[in-house]
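S.K.: Take this structure, written in structure tokens, and hold onto it; I'll ask about it next.
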Amino acid sequence: MFSPPDPRTYNQIIYAVVRQIPPGRASSYGQIASMIPPPAGVEPPAYRRLSPRWVGTAMRNCPDDVPWFRVLNSRGTISLPAGSPAAHEQRARLEAEGVVFDENGRVDWAVAGWDGPDDEWLRARGLFPPRPLKKPKRG
DNA sequence: CGTTTGACTACGC
DNA sequence: CGCGTAGCCAAAC
């Protein structure tokens with residue numbers, strides 16, 4: 001009847017979306033999740049999207065060609081453990097693309113945020129337009 | 001196979 | 001802004 005949820009398939013969708021983030025831009029776990037419908041077989045409220053946690057889990061060990069470092073948390077900061085080599089790498093790779101972090105280690109979504117893929121790209125894959133990134137106060 | 005863990009978020013105070 | 005709480009759900013243990 002229902003197909004069981006297939007995490008592998010869903011990870012591929014997540015990776016496909018993340019691969020669309022252009023250099024010099026960044027997205028958030030929640031924004032990525034907001035484009036992806038729930039797995040088939042799950043009885044969801046129509047409004048619910050993929051859990052942002054799933055996106056984070058998918059980033060943990062992703063293929064080399066996925067620009068995982070362009071995904072930040074909803075506040076625009078790095079979610080990897082502060083001071084860890086991985087967190088340092090993420091910041092370095094973003095800065096190498098011209099992304100600027102403020103004194104609080106936060107990127108300005110208005111500058112480096114991403115609007116999501118083209119509508120046609122989304123429509124072709126049955127995905128939703130992304131929820132806008134939360135705008136931090138005073139910049 | 002039950003329990004705990006996390007690269008999450010929204011919301012309340 | 002900072003801290004706590006409640007949902008979240010695949011993975012790891």
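We label chains A, B, ... in the order they appear in the structure tokens, count residues from 1 in each chain, and number ligands from 1 in the order shown.
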Considering only C-alpha atoms (C1' of nucleotides), tabulate each residue of chain C that lies at most 9 Å from chain A along with its nearest interatomic pair and the corresponding distance in Å to one decimal; arrange the rows by chain and ascending residue number and present them as CSV.
M.R.:
```
residue,atom,partner,partner_atom,distance
C:DC8,C1',A:Ser51,CA,6.2
C:DC9,C1',A:Trp54,CA,6.8
C:DA10,C1',A:Trp54,CA,6.5
C:DA11,C1',A:Thr57,CA,7.9
```
S.K.: Would you save the residues from that selection as an mmCIF file, in the first residue's frame, using all heavy atoms?
M.R.:
```cif
data_model
loop_
_atom_site.group_PDB
_atom_site.id
_atom_site.type_symbol
_atom_site.label_atom_id
_atom_site.label_comp_id
_atom_site.auth_asym_id
_atom_site.auth_seq_id
_atom_site.Cartn_x
_atom_site.Cartn_y
_atom_site.Cartn_z
ATOM 1 P P DC C 8 6.068 16.166 16.764
ATOM 2 O OP1 DC C 8 5.010 16.309 15.758
ATOM 3 O OP2 DC C 8 6.053 15.039 17.724
ATOM 4 O "O5'" DC C 8 7.486 16.121 16.019
ATOM 5 C "C5'" DC C 8 7.828 17.175 15.134
ATOM 6 C "C4'" DC C 8 9.267 17.028 14.732
ATOM 7 O "O4'" DC C 8 10.118 17.329 15.843
ATOM 8 C "C3'" DC C 8 9.633 15.593 14.342
ATOM 9 O "O3'" DC C 8 9.477 15.451 12.954
ATOM 10 C "C2'" DC C 8 11.105 15.473 14.741
ATOM 11 C "C1'" DC C 8 11.336 16.647 15.686
ATOM 12 N N1 DC C 8 11.786 16.300 17.051
ATOM 13 C C2 DC C 8 13.064 16.645 17.469
ATOM 14 O O2 DC C 8 13.802 17.209 16.667
ATOM 15 N N3 DC C 8 13.447 16.329 18.720
ATOM 16 C C4 DC C 8 12.618 15.706 19.558
ATOM 17 N N4 DC C 8 13.038 15.432 20.781
ATOM 18 C C5 DC C 8 11.302 15.345 19.154
ATOM 19 C C6 DC C 8 10.928 15.652 17.898
ATOM 20 P P DC C 9 8.938 14.052 12.439
ATOM 21 O OP1 DC C 9 8.417 14.307 11.087
ATOM 22 O OP2 DC C 9 8.088 13.436 13.458
ATOM 23 O "O5'" DC C 9 10.257 13.202 12.323
ATOM 24 C "C5'" DC C 9 11.266 13.625 11.420
ATOM 25 C "C4'" DC C 9 12.496 12.754 11.618
ATOM 26 O "O4'" DC C 9 13.127 13.099 12.860
ATOM 27 C "C3'" DC C 9 12.181 11.262 11.707
ATOM 28 O "O3'" DC C 9 13.221 10.561 11.078
ATOM 29 C "C2'" DC C 9 12.231 11.003 13.194
ATOM 30 C "C1'" DC C 9 13.386 11.906 13.548
ATOM 31 N N1 DC C 9 13.545 12.235 14.972
ATOM 32 C C2 DC C 9 14.781 12.723 15.387
ATOM 33 O O2 DC C 9 15.679 12.866 14.560
ATOM 34 N N3 DC C 9 14.976 13.002 16.695
ATOM 35 C C4 DC C 9 13.975 12.824 17.562
ATOM 36 N N4 DC C 9 14.197 13.112 18.834
ATOM 37 C C5 DC C 9 12.700 12.346 17.155
ATOM 38 C C6 DC C 9 12.527 12.068 15.853
ATOM 39 P P DA C 10 12.912 9.222 10.356
ATOM 40 O OP1 DA C 10 12.007 9.479 9.237
ATOM 41 O OP2 DA C 10 12.584 8.207 11.354
ATOM 42 O "O5'" DA C 10 14.353 8.921 9.768
ATOM 43 C "C5'" DA C 10 15.010 9.920 9.009
ATOM 44 C "C4'" DA C 10 16.496 9.948 9.292
ATOM 45 O "O4'" DA C 10 16.723 10.366 10.661
ATOM 46 C "C3'" DA C 10 17.210 8.609 9.147
ATOM 47 O "O3'" DA C 10 18.527 8.867 8.706
ATOM 48 C "C2'" DA C 10 17.185 8.060 10.568
ATOM 49 C "C1'" DA C 10 17.345 9.331 11.395
ATOM 50 N N9 DA C 10 16.701 9.288 12.705
ATOM 51 C C8 DA C 10 15.457 8.811 13.013
ATOM 52 N N7 DA C 10 15.139 8.926 14.284
ATOM 53 C C5 DA C 10 16.252 9.521 14.849
ATOM 54 C C6 DA C 10 16.558 9.907 16.165
ATOM 55 N N6 DA C 10 15.729 9.750 17.194
ATOM 56 N N1 DA C 10 17.755 10.471 16.398
ATOM 57 C C2 DA C 10 18.592 10.640 15.365
ATOM 58 N N3 DA C 10 18.426 10.312 14.080
ATOM 59 C C4 DA C 10 17.217 9.752 13.897
ATOM 60 P P DA C 11 19.456 7.704 8.146
ATOM 61 O OP1 DA C 11 19.883 8.063 6.795
ATOM 62 O OP2 DA C 11 18.794 6.404 8.417
ATOM 63 O "O5'" DA C 11 20.700 7.831 9.117
ATOM 64 C "C5'" DA C 11 20.487 8.365 10.382
ATOM 65 C "C4'" DA C 11 21.745 8.472 11.170
ATOM 66 O "O4'" DA C 11 21.313 8.611 12.525
ATOM 67 C "C3'" DA C 11 22.638 7.223 11.172
ATOM 68 O "O3'" DA C 11 23.943 7.608 11.546
ATOM 69 C "C2'" DA C 11 21.951 6.373 12.220
ATOM 70 C "C1'" DA C 11 21.509 7.412 13.242
ATOM 71 N N9 DA C 11 20.249 7.079 13.919
ATOM 72 C C8 DA C 11 19.171 6.435 13.412
ATOM 73 N N7 DA C 11 18.185 6.276 14.292
ATOM 74 C C5 DA C 11 18.668 6.881 15.441
ATOM 75 C C6 DA C 11 18.116 7.056 16.720
ATOM 76 N N6 DA C 11 16.910 6.626 17.091
ATOM 77 N N1 DA C 11 18.870 7.697 17.642
ATOM 78 C C2 DA C 11 20.078 8.137 17.299
ATOM 79 N N3 DA C 11 20.707 8.035 16.105
ATOM 80 C C4 DA C 11 19.939 7.386 15.228
#
```
S.K.: Sorted by chain and rising residue number, list the residues of chain B at most 12 Å from chain A (counting only C-alpha atoms (C1' of nucleotides)), each with its closest atom pair and distance in Å to one decimal, as a tab-separated table.
M.R.:
```
residue	atom	partner	partner_atom	distance
B:DT5	C1'	A:Thr57	CA	11.1
B:DG6	C1'	A:Thr57	CA	7.8
B:DA7	C1'	A:Leu80	CA	5.0
B:DC8	C1'	A:Arg53	CA	4.9
B:DT9	C1'	A:Gly30	CA	7.4
B:DA10	C1'	A:Ser74	CA	10.6
```
S.K.: When you draw a straight line from atom CA of Pro39 of chain A to atom CA of Asp6 of chain A, how long is it in Å?
M.R.: 7.3 Å
S.K.: Determine, counting only C-alpha atoms (C1' of nucleotides), which protein, DNA and RNA residues have an atom within 10 Å of an atom of segment 96-109 of chain A; residues of the same chain fewer than 6 positions away are not included. Present the result as a list in words.
M.R.: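 Neighbouring residues, sequence-local ones excluded: Pro22, Pro23, Gly24, Arg25, Ala26, Ser27, Ser28, Arg70, Leu72, Asn73, Ser74, Arg75, Gly76, Thr77, Ile78, Gln90, Asp115, Pro132, Leu133, Lys134, Lys135, Pro136, Arg138 and Gly139 of chain A.
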S.K.: As a ChimeraX atom specification, which residues of chain A does DSSP assign to alpha helix (DSSP H)?
M.R.: /A:7-18,29-34,52-60,85-96,109-112,119-124
S.K.: What is the atom CA of Pro129 of chain A to atom CA of Gly116 of chain A distance in Å?
M.R.: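 So the two atoms, atom CA of Pro129 of chain A and atom CA of Gly116 of chain A, lie 7.1 Å apart.
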